[in-house]
Structures are given as structure tokens and as C-alpha cells.
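Contents: one structure, followed by commentary.
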Amino acid sequence: MFPEIKYLNLDSVWACDTLMDISAEGVQNQHGGESDRSFSVDAQFRLKLCQPLLSLCSSPPYKVLARLKDEEVRCRKYLHPSSYAKVIHECQQRMVADHLQFLHGECQNIIRQEKREDMANMYTLLRAVSSGLPHMIQELQVHIHNEGIRGTSNLSQENMPTLFVESVLEVHSKFVQLINTVLNGDQHFMSALDKVTHMCGSGSSQVIDRVVPLLRLSMQLAKYCDNLLKKSAKGMTENEVEDKLTSFITVFKYIDDKDIFQKFYARMLAKRLIHGLSLSMDSEEAMINKLKQACGYEFTSKLHRMYTDMSVSADLNNKFNNFIKTQETVVDLGISFQIYVLQAGAWPLTHVPSSTFAIPQELEKSVQMFELFYNQHFSGRKLTWLHYLCTGEVKMNYLSKPYVAMVTTYQMAVLLAFNNSQTVTYKELQDGTQMNEKELQKTVKSLLDVKMLNHDSEKVFDFVFAGPFLGDSFASNLTKFKITTSMQKDTPQEMEQTRSAVDEDRKMYLQAAIVRIMKARKVLRHNALIQEVINQSKARFNPSISMIKKCIEVLIDKQYIERSQTSADEYSYVA
């Protein structure tokens, strides 16, 4: 049995009434030296009382907490309110503060084993003393980090973006729930969780070192969204996709390089929209709005314009069809023709493989009529045809069974060259299509790979249309199929182009930020300018000091700012 404090059997109400009659001076004397001696004796007693609780009990936090509650009840019952706070503080010091080393040691075991009841009791004990919680917060932060590594260490490369993001979300959700229910939603513990998650987003965590050694996290997150928003996201309804994208924003808020994510997301969005791969336009719009709420209008302005271009193009197609029907002479295009008119400044379409291309005769009339229609409705605008992104359907009529191939315009031009001859030389293909040699070789190779074309191995540049469709050795139940080209796949060149575009955008963003700051401040010292630029930029990315310095030098050369004549460490704005 543990020792109990023995009190006289007094009527507490009578005792309190008696104390109320004591003069103010008497109360002060009572709380003088005699009271201090009483607290000292009481402290020694409680120190002895606490030792067996810590050394013998299987759940020390619970036992100590129970003893503290008992003391609170006794203090409220037998002591004057002016003594209550002092006695409770003394109890906390003797039973908690004097044993922090032991309690902190218990923290590690309790947190690692996630003993929720013991964690709640430990939290209640430690928050009562000033230096109690920091160690527990640190232990939880380490535990969350280890759980993150454990959850993402064995992911397969095949579906890395989805598995990685969902693993991080699972760990984050788990500890948000734990902190809210066990640790009273304490913001110090929430901050520890935020810090660990932010380490993942900034690439400064072992989670990133082990799981994403080759690709930046921003690109992985963009790929995760791409997988959800494609038609190939099988087995999920639009509502389920919506829930996953909402959860994704939780992770997205923690990444530093949001501009890298924006570049990769825009490139993937362009492919989904142009090639008709989106799950639904509503889902695309909902995701853009989520990003807008997280990062602001500027971050998503180009994404909004891309989305708007698709609906505007649908309206243009209807107007064009009406334009064809209202011509004085009957116009027969001979094909089903649909166009997308895209704003040059909004779409990430910088790669133009072939500057020259001769449109097949079968398409010429449609192109000419649309240009006539567009110029009549929009004066002063210039249309640039992106043939390398155009696609069409070619019906194979020479076989016993009809097949339809979905091909690019380049592939279509090569195939249509075989309409009048079963054998076409490489030189004839070059002259007929006007494609550059590199692009023509890639196009012909894509058709050879699927056996739509055969070639004589002795005559490398003679391409012979395959006798049976798809070749003798190929069999398929599909009557309609698509030939994928390198344009529709992620290539290392595209990745490098995206990274280069990010660097260029960052330089322009930093230069604009420096000019804004200097225009407002007129004169500013070097370190103060760098700090203000970092503060303005951190919502999009964390700029390096060296990049900021280079941008300052560029602006000095452009005469936007100049070094002060009185101090080399000071800049002045040039009006």
C-alpha cells in the first residue's frame, strides 16, 4: 500500500469560515515563513511518495496523474483558495518536474508502441511543467518520420507516384487523427507533423532520398494527378476521384517547388485535353479550382485558359460547320473535320519537330476553308498549325475485314502515299511530305513496328505496304486501334525542356520581384533586398541566393537598378 496523507477530521466549511475572519495582515503572516516551512516539509513528503509510483508501476503516468488528482481534491476541500495554486504547483514540481528524465525515457517507448491511453496521460502530466513537452514533441516527430520511411521504402517503380502519394497521405491522416484525439489537438504536435511532411516536400528527407532518387517530388505529384484524371483511371467514380484529389491537396501544400509541379501538370493537362484522355471536363475544372484555392489565381491562370480554349473550340467547330452549310456553292470537305484553337501563350507547346510539312491533298480543302472562316471572324490573328499534334482516323479498305487506325497527321501523310502505289521509295516520301529526315524516319519506324509497313532489308529506303493488314504474323480482335508515337510519351528531352523552362520562369519571376521591391523602397541594402525577395517567392519556390544575385546583376546591366555611390552594399531604383 502507498502512504496516504492523514488529515484531521475537521469540518472544512467551519475551517474556511474561520479563515475568512482573519485580517489581511493575518493572512499575510500565515503565508510568510511558517507557510514556506510547511511547503518545504510537504515537498519532501511528496518526493518520497512519488518514488514507488515511478519505480514499481507498469503505467507511471497514470498513477502519478491519479495522485495529482487526489491532491487537487484535497486542496479544494481543506485549503484556502490562496494556498491552492501554490500546493498544486509544488505537487507538480515534486512529482513531475523532478522526474522529467525518467518520464522522457518512458515517452520513447509509449510513442513508438503508440499506446494511446498512456500517451494521453503523459501529455497531461508534461504540459503542466514548462520544460515537459518539447522532448515528447521531438519523440513524436522522429516516430512520424520513421513511419513515413517504413511506409514508402518498398514501393514498386511501376506505379510509384500513386503509391508514394497515398502512403504519405495515409501516414499524415493517421497522425492528424492521433493528435486530435489523444493529444487534444495541440498545435505544437501539429507543427511537428507539418515539419516532417514539409521535409518530404522540400526533398530534405530520407523518404525522398530512398523513394524518389531520380525524379523530383513535384513531378511525381503531377503524375499522380495525371493518373487520376485520365480515362484509364479504372474502377473509380468521379466522386472517388474528387475525394482523392481533395486529399492530394493536403500533401501539395507542403512542397516547396510548386512551380515545377505547375510546369509538369500543365504539360500533362495539355496531353489529356488535346488527345481526349480526360476522365471528364468537370473533374479537370474542379482540380484547377483546388489548385487556385491553394496557390492563388496567378498560379492557375494558364491552366484556366487551357481549359477555356477547349470549350471555345467546341463553339468554333459549330460555327464552322454552319459556315460550310451557308456557302453559295456546295462545299464537300470529304472528311469529318474538328479543330482546337489554342492560345499560344497559355499552352506548353514549344517543341516543333518539323518546320515544313506538306498537308495531304485529302486535308487541304478543310484547312483552307477553316482559315477562310477564321480570318473572316477574327481579323489580325495569325493561325499556326501544329501538325505534329494533329490526329486522324484512317480506314483500311483493301482487306477482307475493315480496320480503322488512329494515327498522327505525319503517319497519315505516309500511309496516304500508298493509295496509288504499293511501293514508295524513301525519296518519294520525303518529296511528298516535305518532312525533315529525322521526323520522317521516326514516323516510318512507328508504322514498321506495328507491321503496317514492310521493307526490303536489302533496300533500306524502300518501304512496301504489307500484304495482309498488320502482317501475316499479327492477329487481333480489335477493329479499331491506336498507334502511339513518341509525341504522346514522356521523353527525357521533354523532361529537360520542362526543367529549363522552370529555370527561365524563375529568373523572370525573381527579376520582376526585385523591380517591384526596389520601386516601392527606392533604396535598399543587399541583405535586406535578398530577404524580401525570398519572402515574396517562397509561396512558389525557394530561390537560391546565387540565383537572386545573378538576377540583381542582370537588372543592373538593364539599368533598372544601380549600386549606390555611397555604399557598394546598397542599391537604388532607377526611375
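Ordering of the C-alpha cells sets the chain letters (A, B, ...); residue numbers start at 1 within each chain; ligands are numbered from 1 in the order shown.
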- Write out as a PyMOL selection string each polymer residue whose atoms come within 12 Å of Gln531 (chain A), counting only C-alpha atoms; drop sequence neighbours fewer than 5 positions from it. chain A and resi 513-514+517+524-526+536-538+542-545+548-549
Please write the residues from the selection above to a file, keeping C-alpha atoms, as a PDB file, in the first residue's frame.
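What landed in result04.pdb:
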```pdb
ATOM      1  CA  ALA A 513      10.053  40.757 -57.735  1.00  0.00           C
ATOM      2  CA  ILE A 514      13.290  42.736 -57.388  1.00  0.00           C
ATOM      3  CA  ILE A 517      10.554  45.834 -54.264  1.00  0.00           C
ATOM      4  CA  LEU A 524      17.736  49.079 -50.054  1.00  0.00           C
ATOM      5  CA  ARG A 525      20.758  47.260 -48.713  1.00  0.00           C
ATOM      6  CA  HIS A 526      21.884  43.979 -50.266  1.00  0.00           C
ATOM      7  CA  GLN A 536       7.871  37.096 -51.813  1.00  0.00           C
ATOM      8  CA  SER A 537       8.982  33.966 -53.681  1.00  0.00           C
ATOM      9  CA  LYS A 538       8.601  31.241 -51.069  1.00  0.00           C
ATOM     10  CA  ASN A 542      12.661  28.626 -52.545  1.00  0.00           C
ATOM     11  CA  PRO A 543      15.134  30.661 -54.627  1.00  0.00           C
ATOM     12  CA  SER A 544      18.849  30.185 -54.149  1.00  0.00           C
ATOM     13  CA  ILE A 545      20.962  33.142 -53.052  1.00  0.00           C
ATOM     14  CA  ILE A 548      18.979  36.146 -56.761  1.00  0.00           C
ATOM     15  CA  LYS A 549      22.460  37.682 -57.064  1.00  0.00           C
TER      16      LYS A 549
END
```
- Task: Between CA of Leu103 (chain A) and CA of Lys86 (chain A), measure the distance and give it in Å to one decimal.
- Result: 22.9 Å
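Summary of the local environment: counting only C-alpha atoms, residues at most 8 Å from region 497-509 of chain A, other than itself and those fewer than 5 positions away along its chain, are Asp259, Ile260, Lys263, Phe264, Met547 and Cys551 of chain A.
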- Item | Option closest in space to Tyr388 (chain A), from A:Cys107, A:Leu221, A:Leu448, A:Ala413 [counting only C-alpha atoms] |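 So, comparing all the options, the nearest one is A:Ala413.
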- Task: Name the closest residue to Met518 (chain A) among the candidates A:Val574, A:Ile339, A:Met452, A:Ile556; distances are taken between atoms, counting only C-alpha atoms.
- Result: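 The closest residue to Met518 (chain A) is A:Val574.
Atom pair CA of Ser313 (chain A) / CA of Gln368 (chain A): separated by 17.4 Å.
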If we count only C-alpha atoms, what is near Thr162 (chain A) at a cut-off of 12 Å, once residues fewer than 2 positions away on the same chain are taken out, given as a PDB file with N, CA and C atoms, in the first residue's frame?
```pdb
ATOM      1  N   THR A 152       7.006   3.966 -47.179  1.00  0.00           N
ATOM      2  CA  THR A 152       7.350   4.248 -48.576  1.00  0.00           C
ATOM      3  C   THR A 152       8.627   3.567 -49.040  1.00  0.00           C
ATOM      4  N   LEU A 155       8.082   0.527 -52.160  1.00  0.00           N
ATOM      5  CA  LEU A 155       7.147   0.782 -53.246  1.00  0.00           C
ATOM      6  C   LEU A 155       7.747   0.348 -54.575  1.00  0.00           C
ATOM      7  N   SER A 156       6.909  -0.197 -55.434  1.00  0.00           N
ATOM      8  CA  SER A 156       7.371  -0.626 -56.752  1.00  0.00           C
ATOM      9  C   SER A 156       7.483   0.576 -57.672  1.00  0.00           C
ATOM     10  N   GLN A 157       8.447   0.527 -58.593  1.00  0.00           N
ATOM     11  CA  GLN A 157       8.646   1.624 -59.526  1.00  0.00           C
ATOM     12  C   GLN A 157       7.513   1.721 -60.540  1.00  0.00           C
ATOM     13  N   GLU A 158       6.776   0.636 -60.739  1.00  0.00           N
ATOM     14  CA  GLU A 158       5.757   0.592 -61.784  1.00  0.00           C
ATOM     15  C   GLU A 158       4.661   1.628 -61.556  1.00  0.00           C
ATOM     16  N   ASN A 159       4.236   1.771 -60.319  1.00  0.00           N
ATOM     17  CA  ASN A 159       3.150   2.713 -60.021  1.00  0.00           C
ATOM     18  C   ASN A 159       3.579   3.649 -58.900  1.00  0.00           C
ATOM     19  N   MET A 160       4.811   4.146 -58.995  1.00  0.00           N
ATOM     20  CA  MET A 160       5.423   4.917 -57.933  1.00  0.00           C
ATOM     21  C   MET A 160       4.634   6.159 -57.516  1.00  0.00           C
ATOM     22  N   PHE A 164       3.300   6.316 -53.712  1.00  0.00           N
ATOM     23  CA  PHE A 164       4.027   7.234 -52.845  1.00  0.00           C
ATOM     24  C   PHE A 164       3.079   8.250 -52.205  1.00  0.00           C
ATOM     25  N   VAL A 165       2.258   8.904 -53.030  1.00  0.00           N
ATOM     26  CA  VAL A 165       1.354   9.931 -52.505  1.00  0.00           C
ATOM     27  C   VAL A 165       0.368   9.324 -51.518  1.00  0.00           C
ATOM     28  N   GLU A 166      -0.189   8.172 -51.847  1.00  0.00           N
ATOM     29  CA  GLU A 166      -1.169   7.554 -50.957  1.00  0.00           C
ATOM     30  C   GLU A 166      -0.524   7.085 -49.656  1.00  0.00           C
ATOM     31  N   SER A 167       0.748   6.672 -49.705  1.00  0.00           N
ATOM     32  CA  SER A 167       1.447   6.285 -48.475  1.00  0.00           C
ATOM     33  C   SER A 167       1.669   7.497 -47.577  1.00  0.00           C
ATOM     34  N   VAL A 168       2.090   8.609 -48.172  1.00  0.00           N
ATOM     35  CA  VAL A 168       2.284   9.835 -47.390  1.00  0.00           C
ATOM     36  C   VAL A 168       0.959  10.308 -46.802  1.00  0.00           C
ATOM     37  N   LEU A 169      -0.100  10.246 -47.600  1.00  0.00           N
ATOM     38  CA  LEU A 169      -1.421  10.646 -47.111  1.00  0.00           C
ATOM     39  C   LEU A 169      -1.885   9.764 -45.961  1.00  0.00           C
ATOM     40  N   LEU A 217       9.942  15.377 -56.363  1.00  0.00           N
ATOM     41  CA  LEU A 217       8.617  15.072 -55.826  1.00  0.00           C
ATOM     42  C   LEU A 217       7.523  15.831 -56.568  1.00  0.00           C
ATOM     43  N   MET A 219       7.238  16.495 -59.679  1.00  0.00           N
ATOM     44  CA  MET A 219       6.852  15.782 -60.890  1.00  0.00           C
ATOM     45  C   MET A 219       6.069  14.523 -60.539  1.00  0.00           C
ATOM     46  N   GLN A 220       6.425  13.869 -59.454  1.00  0.00           N
ATOM     47  CA  GLN A 220       5.686  12.687 -59.021  1.00  0.00           C
ATOM     48  C   GLN A 220       4.247  13.052 -58.658  1.00  0.00           C
ATOM     49  N   LEU A 221       4.074  14.188 -58.001  1.00  0.00           N
ATOM     50  CA  LEU A 221       2.725  14.616 -57.641  1.00  0.00           C
ATOM     51  C   LEU A 221       1.905  14.961 -58.878  1.00  0.00           C
ATOM     52  N   ALA A 222       2.547  15.591 -59.858  1.00  0.00           N
ATOM     53  CA  ALA A 222       1.841  15.896 -61.109  1.00  0.00           C
ATOM     54  C   ALA A 222       1.424  14.611 -61.809  1.00  0.00           C
ATOM     55  N   LYS A 223       2.289  13.606 -61.779  1.00  0.00           N
ATOM     56  CA  LYS A 223       1.964  12.319 -62.397  1.00  0.00           C
ATOM     57  C   LYS A 223       0.830  11.632 -61.654  1.00  0.00           C
ATOM     58  N   TYR A 224       0.785  11.790 -60.338  1.00  0.00           N
ATOM     59  CA  TYR A 224      -0.307  11.216 -59.541  1.00  0.00           C
ATOM     60  C   TYR A 224      -1.645  11.801 -59.985  1.00  0.00           C
ATOM     61  N   CYS A 225      -1.695  13.116 -60.147  1.00  0.00           N
ATOM     62  CA  CYS A 225      -2.933  13.762 -60.619  1.00  0.00           C
ATOM     63  C   CYS A 225      -3.276  13.308 -62.028  1.00  0.00           C
ATOM     64  N   ASP A 226      -2.257  13.176 -62.868  1.00  0.00           N
ATOM     65  CA  ASP A 226      -2.476  12.749 -64.253  1.00  0.00           C
ATOM     66  C   ASP A 226      -3.119  11.368 -64.291  1.00  0.00           C
ATOM     67  N   ASN A 227      -2.637  10.468 -63.446  1.00  0.00           N
ATOM     68  CA  ASN A 227      -3.202   9.110 -63.407  1.00  0.00           C
ATOM     69  C   ASN A 227      -4.665   9.125 -62.968  1.00  0.00           C
ATOM     70  N   LEU A 228      -5.000  10.013 -62.029  1.00  0.00           N
ATOM     71  CA  LEU A 228      -6.385  10.083 -61.551  1.00  0.00           C
ATOM     72  C   LEU A 228      -7.327  10.698 -62.581  1.00  0.00           C
ATOM     73  N   ALA A 233      -8.165   5.700 -65.459  1.00  0.00           N
ATOM     74  CA  ALA A 233      -8.358   5.511 -64.016  1.00  0.00           C
ATOM     75  C   ALA A 233      -9.569   4.608 -63.797  1.00  0.00           C
ATOM     76  N   LYS A 244     -10.039  11.806 -53.772  1.00  0.00           N
ATOM     77  CA  LYS A 244      -8.589  11.596 -53.808  1.00  0.00           C
ATOM     78  C   LYS A 244      -7.851  12.891 -54.136  1.00  0.00           C
ATOM     79  N   LEU A 245      -8.396  13.683 -55.040  1.00  0.00           N
ATOM     80  CA  LEU A 245      -7.761  14.948 -55.398  1.00  0.00           C
ATOM     81  C   LEU A 245      -7.830  15.938 -54.238  1.00  0.00           C
ATOM     82  N   PHE A 248      -5.188  14.915 -51.958  1.00  0.00           N
ATOM     83  CA  PHE A 248      -3.884  15.230 -52.553  1.00  0.00           C
ATOM     84  C   PHE A 248      -3.437  16.645 -52.210  1.00  0.00           C
TER      85      PHE A 248
END
```
